[in-house]
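J.: What follows is start_14.txt; its format and atoms are compact mmCIF, C-alpha atoms.
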```txt
# COMPACT_ATOMS: atom_id res chain seq x y z
CA MET A 19 29.26 -58.50 -53.87
CA ASN A 20 27.42 -61.80 -53.38
CA PRO A 21 24.57 -61.98 -55.95
CA LYS A 22 22.05 -62.99 -53.26
CA ILE A 23 18.93 -60.80 -53.08
CA LEU A 24 19.27 -58.00 -50.54
CA PRO A 25 16.69 -57.82 -47.73
CA ALA A 26 13.78 -55.50 -48.57
CA SER A 27 10.02 -55.26 -48.16
CA ILE A 28 8.58 -53.67 -51.27
CA GLU A 29 5.05 -54.23 -49.95
CA ALA A 30 5.77 -52.31 -46.73
CA GLU A 31 7.22 -49.45 -48.77
CA LYS A 32 4.15 -49.38 -51.04
CA SER A 33 1.76 -49.54 -48.08
CA LEU A 34 3.56 -46.69 -46.32
CA LEU A 35 3.56 -44.43 -49.37
CA GLY A 36 -0.07 -45.28 -50.11
CA SER A 37 -1.04 -44.35 -46.54
CA LEU A 38 0.78 -41.00 -46.84
CA LEU A 39 -1.00 -40.21 -50.11
CA VAL A 40 -4.44 -40.99 -48.66
CA TYR A 41 -3.88 -39.81 -45.06
CA PRO A 42 -1.48 -36.82 -45.09
CA ASP A 43 -1.66 -36.46 -41.28
CA ALA A 44 0.16 -39.80 -40.98
CA ILE A 45 3.41 -37.98 -41.78
CA THR A 46 3.59 -36.98 -38.08
CA THR A 47 4.13 -40.61 -37.09
CA VAL A 48 6.79 -41.05 -39.77
CA PHE A 49 8.63 -37.94 -38.57
CA GLN A 50 8.77 -39.28 -35.04
CA LEU A 51 10.42 -42.47 -36.30
CA ASN A 52 12.99 -40.49 -38.35
CA LEU A 53 12.44 -42.47 -41.54
CA SER A 54 14.95 -41.39 -44.19
CA PRO A 55 14.46 -41.57 -48.00
CA GLN A 56 17.70 -43.57 -48.20
CA GLU A 57 16.12 -46.35 -46.14
CA PHE A 58 13.77 -47.21 -49.02
CA PHE A 59 15.02 -50.00 -51.28
CA THR A 60 13.73 -48.97 -54.69
CA GLU A 61 14.78 -45.72 -56.32
CA ASN A 62 11.24 -44.73 -57.29
CA HIS A 63 10.07 -45.07 -53.69
CA LYS A 64 12.99 -42.94 -52.48
CA ILE A 65 12.00 -40.21 -54.94
CA ILE A 66 8.29 -40.27 -54.03
CA TYR A 67 9.02 -40.12 -50.30
CA GLN A 68 11.53 -37.30 -50.78
CA ARG A 69 8.91 -35.19 -52.60
CA ILE A 70 6.29 -35.93 -49.93
CA LEU A 71 8.74 -34.64 -47.30
CA GLU A 72 9.35 -31.54 -49.39
CA LEU A 73 5.61 -30.81 -49.69
CA ASN A 74 5.20 -31.22 -45.94
CA LYS A 75 8.16 -28.96 -45.20
CA ASN A 76 6.54 -26.24 -47.32
CA ARG A 77 3.22 -26.81 -45.47
CA LYS A 78 1.43 -27.97 -48.60
CA VAL A 79 -1.27 -30.62 -48.73
CA CYS A 80 0.01 -34.03 -49.74
CA ASP A 81 -2.26 -36.00 -52.05
CA LEU A 82 -2.23 -37.60 -55.48
CA THR A 83 -2.53 -34.25 -57.26
CA THR A 84 0.15 -32.35 -55.36
CA VAL A 85 2.63 -35.27 -55.35
CA SER A 86 2.19 -35.94 -59.06
CA THR A 87 2.59 -32.21 -59.76
CA ILE A 88 5.85 -31.84 -57.83
CA LEU A 89 7.23 -35.01 -59.41
CA SER A 90 6.32 -33.66 -62.82
CA ASN A 91 8.00 -30.33 -62.03
CA TYR A 92 11.23 -32.19 -61.22
CA GLY A 93 10.91 -34.34 -64.34
CA GLU A 94 10.51 -37.44 -62.16
CA LEU A 95 6.91 -38.49 -62.76
CA GLU A 96 7.74 -40.95 -65.55
CA ILE A 97 10.82 -42.18 -63.69
CA ILE A 98 8.68 -43.41 -60.78
CA GLY A 99 6.15 -45.11 -63.06
CA GLY A 100 3.75 -42.28 -63.86
CA LEU A 101 0.44 -41.23 -62.37
CA ASN A 102 -0.89 -44.78 -62.66
CA TYR A 103 1.78 -46.05 -60.26
CA LEU A 104 0.88 -43.39 -57.69
CA TYR A 105 -2.76 -44.41 -58.01
CA GLU A 106 -1.86 -48.09 -57.54
CA LEU A 107 -0.12 -47.21 -54.27
CA THR A 108 -3.38 -45.90 -52.83
CA LEU A 109 -5.44 -48.98 -53.70
CA GLY A 110 -6.40 -51.00 -50.64
CA THR A 111 -5.35 -48.26 -48.20
CA ILE A 112 -8.25 -48.05 -45.74
CA SER A 113 -6.41 -46.69 -42.67
CA PHE A 114 -2.98 -45.65 -41.50
CA SER A 115 -3.13 -47.58 -38.22
CA ASN A 116 -0.17 -49.77 -39.27
CA ILE A 117 2.06 -46.98 -40.52
CA ALA A 118 4.47 -47.22 -37.57
CA HIS A 119 4.81 -50.94 -38.27
CA TYR A 120 5.59 -50.25 -41.94
CA CYS A 121 8.30 -47.78 -40.88
CA GLU A 122 9.87 -50.33 -38.55
CA ILE A 123 9.95 -52.96 -41.32
CA ILE A 124 11.57 -50.55 -43.79
CA GLN A 125 14.15 -49.40 -41.25
CA GLU A 126 14.99 -52.96 -40.20
CA LYS A 127 15.52 -54.07 -43.81
CA ALA A 128 17.72 -51.01 -44.43
CA GLN A 129 19.74 -51.97 -41.34
CA TYR A 130 20.26 -55.50 -42.68
CA ARG A 131 21.41 -54.11 -46.05
CA ALA A 132 23.85 -51.73 -44.39
CA LEU A 133 25.29 -54.58 -42.33
CA ILE A 134 25.59 -56.86 -45.40
CA LYS A 135 27.41 -54.15 -47.38
CA THR A 136 29.78 -53.50 -44.50
CA LEU A 137 30.59 -57.19 -44.00
CA ASP A 138 30.91 -57.77 -47.74
CA ARG A 139 33.44 -54.96 -48.03
CA SER A 140 35.36 -56.37 -45.06
CA LEU A 141 35.41 -59.85 -46.65
CA THR A 142 36.70 -58.45 -49.95
CA ASN A 143 39.50 -56.56 -48.20
CA SER A 144 40.38 -59.62 -46.10
CA PHE A 145 40.64 -61.94 -49.12
CA SER A 146 42.86 -59.45 -50.93
CA GLU A 147 45.33 -59.46 -47.98
CA GLN A 148 46.33 -55.93 -48.91
CA GLY A 149 47.43 -53.41 -46.32
CA ASP A 150 48.31 -53.72 -42.66
CA LEU A 151 46.25 -56.28 -40.70
CA LEU A 152 45.79 -54.03 -37.66
CA THR A 153 44.60 -51.19 -39.89
CA LEU A 154 42.11 -53.53 -41.54
CA LEU A 155 40.80 -54.78 -38.18
CA ASN A 156 40.37 -51.22 -36.93
CA SER A 157 38.55 -50.32 -40.14
CA VAL A 158 36.19 -53.31 -39.83
CA GLU A 159 35.47 -52.50 -36.19
CA LYS A 160 34.78 -48.85 -37.07
CA ASP A 161 32.42 -49.83 -39.90
CA ILE A 162 30.48 -52.25 -37.69
CA LEU A 163 30.15 -49.61 -34.95
CA THR A 164 28.88 -47.12 -37.53
CA VAL A 165 26.10 -49.53 -38.48
CA THR A 166 25.14 -50.27 -34.86
CA ARG A 167 25.04 -46.58 -33.97
CA THR A 168 22.43 -45.98 -36.65
CA HIS A 169 20.22 -48.68 -35.12
CA ARG A 170 17.35 -46.87 -33.41
CA THR A 171 17.39 -47.93 -29.81
CA SER A 172 17.39 -45.93 -26.61
CA ASP A 173 20.91 -44.98 -25.55
CA PHE A 174 22.22 -45.28 -22.02
CA LYS A 175 22.24 -42.08 -20.02
CA THR A 176 25.44 -41.27 -18.19
CA SER A 177 25.31 -40.68 -14.45
CA GLU A 178 26.31 -37.06 -15.18
CA GLU A 179 23.24 -36.57 -17.42
CA VAL A 180 20.88 -38.18 -14.91
CA VAL A 181 22.30 -36.14 -12.01
CA ASP A 182 21.88 -32.92 -14.01
CA ASP A 183 18.26 -33.89 -14.78
CA VAL A 184 17.53 -34.59 -11.10
CA ILE A 185 19.07 -31.30 -9.93
CA ALA A 186 17.07 -29.39 -12.54
CA GLN A 187 13.88 -31.13 -11.36
CA LEU A 188 14.60 -30.27 -7.71
CA GLU A 189 15.28 -26.63 -8.57
CA SER A 190 12.00 -26.52 -10.49
CA LEU A 191 10.15 -28.07 -7.52
CA LYS A 192 11.57 -25.40 -5.23
CA THR A 193 10.43 -22.65 -7.60
CA ASN A 194 6.95 -24.16 -8.02
CA ASN A 195 6.30 -24.97 -4.35
CA GLY A 196 6.77 -28.70 -4.84
CA ILE A 197 4.43 -28.97 -7.86
CA SER A 198 6.21 -30.76 -10.69
CA GLY A 199 3.21 -31.73 -12.82
CA ILE A 200 0.06 -30.16 -14.25
CA LYS A 201 -1.84 -28.23 -11.57
CA VAL A 202 -5.61 -28.72 -11.35
CA ASN A 203 -5.95 -26.01 -8.68
CA TYR A 204 -7.46 -28.13 -5.96
CA PRO A 205 -4.73 -27.29 -3.42
CA VAL A 206 -4.96 -30.45 -1.31
CA LEU A 207 -5.12 -32.71 -4.38
CA ASP A 208 -2.20 -30.88 -6.00
CA ALA A 209 -0.20 -31.22 -2.78
CA ILE A 210 -0.71 -35.00 -2.64
CA THR A 211 0.02 -35.65 -6.33
CA ASN A 212 2.55 -32.82 -6.85
CA GLY A 213 0.38 -32.06 -9.86
CA PHE A 214 -0.61 -34.66 -12.45
CA GLN A 215 2.71 -35.92 -13.79
CA ARG A 216 3.62 -36.03 -17.47
CA GLY A 217 3.70 -39.60 -18.74
CA ASP A 218 1.31 -40.85 -16.03
CA LEU A 219 -1.85 -42.87 -16.63
CA ILE A 220 -4.56 -41.74 -14.21
CA ILE A 221 -7.67 -43.89 -13.80
CA LEU A 222 -10.74 -42.05 -12.50
CA ALA A 223 -13.43 -44.53 -11.50
CA ALA A 224 -16.85 -44.43 -9.85
CA ARG A 225 -20.29 -45.99 -10.06
CA PRO A 226 -22.72 -44.45 -12.61
CA ALA A 227 -24.19 -41.02 -11.73
CA MET A 228 -21.55 -40.42 -9.07
CA GLY A 229 -20.15 -37.42 -10.97
CA LYS A 230 -16.99 -38.77 -12.61
CA THR A 231 -17.58 -37.09 -15.99
CA ALA A 232 -18.30 -33.75 -14.28
CA PHE A 233 -15.15 -34.13 -12.17
CA ALA A 234 -13.02 -34.99 -15.21
CA LEU A 235 -14.36 -31.90 -16.99
CA ASN A 236 -13.52 -29.77 -13.96
CA LEU A 237 -9.98 -31.17 -13.95
CA GLY A 238 -9.55 -30.40 -17.64
CA LEU A 239 -11.06 -26.92 -17.30
CA ARG A 240 -8.86 -26.00 -14.34
CA ALA A 241 -5.75 -27.40 -16.03
CA SER A 242 -6.50 -25.39 -19.17
CA LYS A 243 -7.02 -22.17 -17.20
CA ASN A 244 -3.67 -22.76 -15.49
CA ASP A 245 -0.71 -21.73 -17.70
CA ASN A 246 -2.93 -21.97 -20.81
CA ASN A 247 -2.41 -25.74 -20.94
CA VAL A 248 -3.68 -27.61 -24.02
CA VAL A 249 -6.28 -30.23 -23.08
CA ALA A 250 -7.67 -32.93 -25.39
CA MET A 251 -11.01 -34.47 -24.42
CA PHE A 252 -12.30 -37.65 -26.05
CA SER A 253 -16.01 -38.08 -25.39
CA LEU A 254 -17.16 -41.53 -26.50
CA GLU A 255 -20.62 -41.26 -24.92
CA MET A 256 -21.66 -37.59 -25.09
CA SER A 257 -21.69 -35.09 -27.94
CA ALA A 258 -19.27 -32.17 -28.00
CA ASP A 259 -22.23 -29.80 -27.52
CA SER A 260 -23.37 -31.59 -24.37
CA LEU A 261 -19.84 -31.54 -23.00
CA MET A 262 -19.45 -27.83 -23.70
CA LYS A 263 -22.76 -27.05 -21.98
CA ARG A 264 -21.42 -28.73 -18.86
CA LEU A 265 -18.15 -26.81 -19.11
CA ILE A 266 -19.93 -23.48 -19.52
CA SER A 267 -22.26 -24.36 -16.63
CA SER A 268 -19.27 -25.03 -14.37
CA GLU A 269 -17.28 -22.03 -15.59
CA GLY A 270 -20.12 -19.52 -15.21
CA LYS A 271 -22.01 -21.12 -12.29
CA ILE A 272 -25.04 -21.39 -14.56
CA ASP A 273 -27.93 -23.75 -13.79
CA SER A 274 -27.29 -26.89 -15.85
CA TYR A 275 -31.04 -27.36 -16.33
CA LYS A 276 -31.26 -23.94 -17.99
CA MET A 277 -28.26 -24.82 -20.13
CA ARG A 278 -30.18 -27.83 -21.42
CA THR A 279 -33.50 -26.05 -21.95
CA GLY A 280 -32.41 -22.51 -22.80
CA GLN A 281 -35.02 -21.14 -20.39
CA PHE A 282 -33.13 -18.19 -18.89
CA GLU A 283 -35.18 -15.89 -16.67
CA ASN A 284 -33.54 -12.49 -17.07
CA ASP A 285 -30.80 -10.44 -18.72
CA LYS A 286 -28.44 -11.08 -15.82
CA GLU A 287 -28.48 -14.83 -16.48
CA ILE A 288 -28.04 -14.29 -20.22
CA ASN A 289 -25.08 -11.96 -19.62
CA GLN A 290 -23.64 -14.55 -17.27
CA LEU A 291 -23.95 -17.13 -20.06
CA TYR A 292 -22.20 -15.01 -22.68
CA GLU A 293 -19.41 -14.01 -20.33
CA ALA A 294 -18.70 -17.66 -19.46
CA ALA A 295 -18.92 -18.65 -23.14
CA SER A 296 -16.49 -15.86 -24.06
CA ARG A 297 -13.97 -17.10 -21.50
CA MET A 298 -14.35 -20.69 -22.72
CA LYS A 299 -13.36 -19.60 -26.24
CA ASN A 300 -9.97 -18.55 -24.91
CA TYR A 301 -9.16 -21.87 -23.25
CA GLN A 302 -7.23 -24.42 -25.30
CA ILE A 303 -9.68 -27.29 -24.93
CA PHE A 304 -10.13 -29.61 -27.91
CA ILE A 305 -13.05 -32.06 -27.98
CA ASP A 306 -13.41 -35.21 -30.06
CA GLU A 307 -16.84 -36.85 -30.04
CA THR A 308 -16.09 -39.96 -32.14
CA ALA A 309 -18.15 -42.85 -30.80
CA GLY A 310 -16.35 -46.19 -30.77
CA ILE A 311 -12.97 -44.59 -31.42
CA THR A 312 -9.96 -46.90 -31.57
CA MET A 313 -6.62 -46.49 -29.83
CA ASN A 314 -4.93 -46.03 -33.20
CA GLU A 315 -7.23 -43.11 -33.95
CA ILE A 316 -6.61 -41.62 -30.50
CA PHE A 317 -2.85 -41.84 -31.05
CA ALA A 318 -3.13 -40.24 -34.50
CA LYS A 319 -5.31 -37.36 -33.32
CA CYS A 320 -3.11 -36.68 -30.30
CA ARG A 321 0.05 -36.71 -32.42
CA LYS A 322 -1.47 -34.17 -34.80
CA LEU A 323 -2.70 -31.94 -31.96
CA LYS A 324 0.69 -32.11 -30.24
CA ALA A 325 2.44 -31.15 -33.47
CA ASP A 326 0.02 -28.28 -34.20
CA LYS A 327 -0.78 -26.82 -30.78
CA GLY A 328 1.11 -28.78 -28.15
CA LEU A 329 -0.54 -31.14 -25.66
CA ASP A 330 -0.56 -31.03 -21.85
CA MET A 331 -3.43 -33.31 -20.77
CA ILE A 332 -5.66 -35.99 -22.31
CA ILE A 333 -9.06 -36.98 -20.90
CA ILE A 334 -10.92 -40.05 -22.18
CA ASP A 335 -14.55 -40.70 -21.21
CA TYR A 336 -14.51 -43.61 -20.89
CA LEU A 337 -12.06 -46.53 -21.18
CA GLN A 338 -14.54 -49.37 -21.70
CA LEU A 339 -16.06 -47.66 -24.77
CA ILE A 340 -12.82 -47.67 -26.74
CA THR A 341 -13.08 -50.06 -29.69
CA THR A 342 -10.44 -52.68 -30.38
CA LYS A 343 -9.61 -54.76 -33.45
CA ASN A 344 -11.03 -57.76 -31.59
CA SER A 345 -14.21 -56.00 -30.50
CA LYS A 346 -16.18 -59.19 -31.13
CA SER A 347 -13.89 -61.21 -28.90
CA GLU A 348 -15.49 -62.99 -25.98
CA ASN A 349 -12.52 -62.18 -23.73
CA ARG A 350 -13.30 -58.58 -22.83
CA VAL A 351 -10.83 -58.61 -19.94
CA LEU A 352 -7.93 -59.13 -22.35
CA GLU A 353 -9.24 -56.37 -24.61
CA VAL A 354 -9.49 -53.87 -21.76
CA SER A 355 -6.04 -54.91 -20.54
CA GLN A 356 -4.62 -54.17 -23.99
CA ILE A 357 -6.36 -50.79 -24.01
CA SER A 358 -4.94 -49.87 -20.60
CA ARG A 359 -1.42 -50.76 -21.73
CA GLU A 360 -1.82 -48.62 -24.83
CA LEU A 361 -3.16 -45.73 -22.74
CA LYS A 362 0.03 -45.89 -20.68
CA LEU A 363 2.07 -45.83 -23.89
CA LEU A 364 -0.01 -42.85 -25.04
CA ALA A 365 0.88 -40.97 -21.85
CA ARG A 366 4.56 -41.74 -22.33
CA GLU A 367 4.65 -40.84 -26.03
CA MET A 368 2.65 -37.61 -25.64
CA ASP A 369 4.57 -36.76 -22.46
CA CYS A 370 1.44 -35.66 -20.64
CA PRO A 371 -1.00 -37.09 -18.06
CA VAL A 372 -3.78 -39.26 -19.51
CA ILE A 373 -6.95 -39.31 -17.40
CA ALA A 374 -9.10 -42.29 -18.37
CA LEU A 375 -12.53 -42.71 -16.82
CA SER A 376 -13.50 -46.24 -15.90
CA GLN A 377 -16.55 -48.12 -14.70
CA LEU A 378 -16.72 -50.03 -11.45
CA SER A 379 -18.24 -53.46 -11.08
CA ARG A 380 -21.58 -53.97 -9.33
CA ALA A 381 -19.75 -55.68 -6.48
CA VAL A 382 -19.72 -52.28 -4.78
CA GLU A 383 -23.49 -52.44 -4.34
CA THR A 384 -23.38 -55.77 -2.52
CA ARG A 385 -21.30 -54.46 0.39
CA SER A 386 -22.47 -52.52 3.42
CA ASN A 387 -19.52 -50.13 2.97
CA LYS A 388 -19.93 -48.97 -0.60
CA ARG A 389 -16.67 -47.09 -0.87
CA PRO A 390 -14.84 -48.45 -3.95
CA MET A 391 -11.74 -50.63 -3.75
CA LEU A 392 -9.12 -51.45 -6.38
CA SER A 393 -10.67 -54.87 -6.89
CA ASP A 394 -13.89 -53.14 -8.03
CA LEU A 395 -12.35 -51.89 -11.27
CA ARG A 396 -14.55 -53.41 -13.92
CA GLU A 397 -12.85 -55.84 -16.32
CA SER A 398 -9.76 -54.77 -14.44
CA GLY A 399 -7.16 -56.98 -16.12
CA SER A 400 -4.06 -54.81 -16.03
CA ILE A 401 -5.80 -51.46 -15.34
CA GLU A 402 -4.56 -51.34 -11.76
CA GLN A 403 -1.10 -52.50 -12.81
CA ASP A 404 -0.72 -49.97 -15.64
CA ALA A 405 -2.15 -47.00 -13.74
CA ASP A 406 0.20 -44.62 -11.95
CA LEU A 407 -2.72 -43.07 -10.09
CA VAL A 408 -6.15 -44.56 -9.33
CA ILE A 409 -8.80 -42.15 -8.07
CA PHE A 410 -12.24 -43.20 -6.80
CA LEU A 411 -15.23 -40.92 -6.23
CA TYR A 412 -17.74 -41.63 -3.48
CA ARG A 413 -20.83 -39.74 -2.27
CA ASP A 414 -22.82 -40.72 0.80
CA ASP A 415 -25.91 -38.89 -0.46
CA TYR A 416 -26.07 -41.18 -3.51
CA TYR A 417 -27.05 -44.07 -1.23
CA GLN A 418 -29.30 -42.11 1.11
CA SER A 419 -32.98 -41.45 0.46
CA ASP A 420 -33.55 -38.13 2.23
CA GLU A 421 -36.74 -36.63 0.79
CA SER A 422 -36.19 -33.39 2.70
CA ALA A 423 -32.75 -32.80 1.12
CA ASP A 424 -32.40 -30.10 -1.52
CA ALA A 425 -31.67 -31.89 -4.80
CA ASN A 426 -29.73 -28.85 -6.04
CA ALA A 427 -27.62 -28.34 -2.92
CA ALA A 428 -23.87 -28.93 -2.97
CA VAL A 429 -22.93 -32.28 -1.46
CA PRO A 430 -19.65 -33.57 -0.02
CA ILE A 431 -17.76 -35.98 -2.24
CA GLU A 432 -14.74 -38.09 -1.36
CA VAL A 433 -11.87 -38.14 -3.85
CA ASN A 434 -9.99 -41.24 -2.80
CA ILE A 435 -6.45 -41.68 -4.17
CA ALA A 436 -6.37 -45.46 -3.83
CA LYS A 437 -3.11 -46.01 -5.73
CA HIS A 438 -0.22 -43.60 -6.14
CA ARG A 439 2.86 -45.15 -7.71
CA ASN A 440 5.14 -42.26 -6.76
CA GLY A 441 3.59 -40.95 -3.57
CA ARG A 442 1.15 -41.40 -0.72
CA THR A 443 -2.49 -42.40 -0.89
CA ASP A 444 -5.11 -40.27 0.81
CA THR A 445 -8.70 -39.05 0.60
CA VAL A 446 -9.58 -35.47 -0.30
CA LYS A 447 -13.01 -34.06 0.44
CA LEU A 448 -14.54 -31.70 -2.13
CA ALA A 449 -17.99 -30.20 -2.63
CA PHE A 450 -20.00 -31.27 -5.70
CA ASP A 451 -22.53 -28.68 -6.81
CA LYS A 452 -24.75 -30.75 -9.10
CA LYS A 453 -26.74 -27.73 -10.19
CA PHE A 454 -23.66 -26.22 -11.81
CA SER A 455 -21.66 -29.42 -12.56
CA HIS A 456 -19.02 -27.78 -10.40
CA PHE A 457 -16.50 -29.17 -7.92
CA GLY A 458 -15.14 -26.76 -5.34
CA SER A 459 -13.27 -26.90 -2.07
CA TYR A 460 -15.23 -28.43 0.80
CA ALA A 461 -14.51 -25.41 3.00
CA GLU A 462 -16.27 -23.15 0.50
```
Starting from the file, give its structure as structure tokens.

T.:
Amino acid sequence: MNPKILPASIEAEKSLLGSLLVYPDAITTVFQLNLSPQEFFTENHKIIYQRILELNKNRKVCDLTTVSTILSNYGELEIIGGLNYLYELTLGTISFSNIAHYCEIIQEKAQYRALIKTLDRSLTNSFSEQGDLLTLLNSVEKDILTVTRTHRTSDFKTSEEVVDDVIAQLESLKTNNGISGIKVNYPVLDAITNGFQRGDLIILAARPAMGKTAFALNLGLRASKNDNNVVAMFSLEMSADSLMKRLISSEGKIDSYKMRTGQFENDKEINQLYEAASRMKNYQIFIDETAGITMNEIFAKCRKLKADKGLDMIIIDYLQLITTKNSKSENRVLEVSQISRELKLLAREMDCPVIALSQLSRAVETRSNKRPMLSDLRESGSIEQDADLVIFLYRDDYYQSDESADANAAVPIEVNIAKHRNGRTDTVKLAFDKKFSHFGSYAE
């Protein structure tokens, strides 16, 4: 073989292994990319990665202690460079946000090496002029095809496969009365959307105090109650406790003021509280209250939740509070555009609807008709382009100063589906009961 140095990235291999030793949950990302021990260049890295996989398979924690112990048990600790080498791998590892990139580098270099070995063998056989030429050509072609088949790209689907998928979808639609996505149990809304579709990015936008957080919570609560769906909620502005108080208030029809103050008047109200709280414990709702969370962290947490419990819906409150690497950049439009693209990728990867709340610009307030339009999406960039569904909330009472109106009375609210990539647009009227943070049908 030609004595030239084979392609490899030792630094990427070290960074990947260091990330796995410091952040064991990162193994979920590596699994999804199907990284094999044989794709590592150095023998010691192959051994370390193999033992990390073994620990994970046996559901054991992966860290410096457990990895060094299993290597020692196999008599491999000194072979890989000892405990000091494992420690060196962890130095400088401050996050695992780039772990997918490390995997891609390692796999690409392994692909180059495989191709070089195949071509080198073909050259050797060609120079030797031994054997039948046609046999040699067939062998070379077969070897090249073997290498290309291992390259990780999406394969074409045959028309037969696609037809079978479509027929299965249509049969499912017939069984489920036309609902192919996640039901939120607002019949008119479900009928228009056919349920919130897996892989869709849904933007829910409104002016402040219009009720968008309450509506998002109602959507998540109803989705969770339906078929025991797993719902992840990322609250970048409110604490998990505050969010749960709203959920309990909506679930039990309990005065939200009393939920904040704890001033319940009688045993009936207290029993109502405990009954609603008991039901909430049974719903698969998972809340993350990390302020200034990044998209990398959202991806990591969703991957772990999906692997552990499954995942059927993601709610993020709200889009403009997500932190980016370039958070100090003066071009906020580009930042938000990047976030919206990554939210769409999140929906596709997790195979579930992602509902992202968004602010609207103040341009709404300058018009006589204050119903939102797509152009009102704040720092819109590619939000409208990336979204499969854009929903606006609008309440007339918000702009009316009626001193005689009951502040706790339910008010009509318009749920305007302003963009629907795969269906019709329309406006649904619901009733918003501010006292209970509850959205119900307008007829009720």

J.: Between A:Arg366, A:Arg359, A:Lys78, A:His119, which one has atoms that come closest to A:Ser27, using only C-alpha atoms?

T.: A:His119

J.: When you look at A:Ser198 with a cut-off of 10 Å (counting all atoms listed in the file), what residues show up, excluding the ones that are within fewer than 6 positions of it in the same chain? I need them as a list in words.

T.: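 Residues meeting the cut-off are Gln187, Leu188, Ser190, Leu191, Lys192, Asp208, Thr211, Asn212, Gly213, Phe214, Gln215 and Arg216 of chain A.
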
J.: With all atoms listed in the file counted, which protein, DNA or RNA residues have an atom no more than 12 Å from (-23.0, -32.8, -22.2) in the file frame? Please answer as a JSON list (two decimals) with C-alpha atoms, in the coordinates of the input.

T.:
```json
[["chain", "number", "residue", "atom", "x", "y", "z"],
["A", 231, "THR", "CA", -17.58, -37.09, -15.99],
["A", 232, "ALA", "CA", -18.30, -33.75, -14.28],
["A", 235, "LEU", "CA", -14.36, -31.90, -16.99],
["A", 253, "SER", "CA", -16.01, -38.08, -25.39],
["A", 254, "LEU", "CA", -17.16, -41.53, -26.50],
["A", 255, "GLU", "CA", -20.62, -41.26, -24.92],
["A", 256, "MET", "CA", -21.66, -37.59, -25.09],
["A", 257, "SER", "CA", -21.69, -35.09, -27.94],
["A", 258, "ALA", "CA", -19.27, -32.17, -28.00],
["A", 259, "ASP", "CA", -22.23, -29.80, -27.52],
["A", 260, "SER", "CA", -23.37, -31.59, -24.37],
["A", 261, "LEU", "CA", -19.84, -31.54, -23.00],
["A", 262, "MET", "CA", -19.45, -27.83, -23.70],
["A", 263, "LYS", "CA", -22.76, -27.05, -21.98],
["A", 264, "ARG", "CA", -21.42, -28.73, -18.86],
["A", 265, "LEU", "CA", -18.15, -26.81, -19.11],
["A", 266, "ILE", "CA", -19.93, -23.48, -19.52],
["A", 267, "SER", "CA", -22.26, -24.36, -16.63],
["A", 268, "SER", "CA", -19.27, -25.03, -14.37],
["A", 274, "SER", "CA", -27.29, -26.89, -15.85],
["A", 275, "TYR", "CA", -31.04, -27.36, -16.33],
["A", 277, "MET", "CA", -28.26, -24.82, -20.13],
["A", 278, "ARG", "CA", -30.18, -27.83, -21.42],
["A", 305, "ILE", "CA", -13.05, -32.06, -27.98],
["A", 307, "GLU", "CA", -16.84, -36.85, -30.04],
["A", 335, "ASP", "CA", -14.55, -40.70, -21.21],
["A", 455, "SER", "CA", -21.66, -29.42, -12.56]]
```

J.: Take atom CA of A:Val408 and atom CA of A:Glu269 and report the distance between them in Å, one decimal.

T.: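 So the answer is 25.9 Å.
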
J.: Please compute the atom CA of A:Gly100-atom CA of A:Lys127 distance, one decimal, in Å.

T.: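 According to the coordinates, atom CA of A:Gly100 and atom CA of A:Lys127 are separated by 26.1 Å.
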
J.: What is the atom CA of A:Ile23-atom CA of A:Gln129 distance in Å, reported with one decimal?

T.: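 Distance between the two atoms: 14.7 Å.
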
J.: Determine the nearest neighbour of A:Ala209 from the options A:Pro430, A:Ile197, A:Asp306, A:Ile88, counting all atoms listed in the file.

T.: A:Ile197

J.: From the list A:Leu109, A:Leu155, A:Met368, A:Leu352, which residue is nearest A:Gly217 when using all atoms listed in the file?

T.: A:Met368

J.: Which polymer residues have any atom within 10 Å of an atom of A:Ile334, counting only C-alpha atoms, with same-chain residues fewer than 5 positions away left out, as a list in words?

T.: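 Counting only C-alpha atoms, the residues come to Ile221, Leu222, Thr231, Ala234, Ala250, Met251, Phe252, Ser253, Leu254, Asp306, Ile316, Leu339, Ile340, Leu361, Val372, Ile373, Ala374, Leu375 and Ser376 of chain A.
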
J.: So that I can check the surroundings of A:Phe317, please list as a PyMOL selection string every protein, DNA and RNA residue that reaches within 10 Å of it, counting all atoms listed in the file and ignoring chain neighbours fewer than 3 positions away.

T.: chain A and resi 47+115+312-314+320-323+360-361+363-365+367-368

J.: Residues within 8 Å of stretch 384-390 of chain A, please, as a PyMOL selection string. Count only C-alpha atoms; anything in the same chain fewer than 3 positions from it doesn't count.

T.: chain A and resi 224+378+380-381+394+410-412
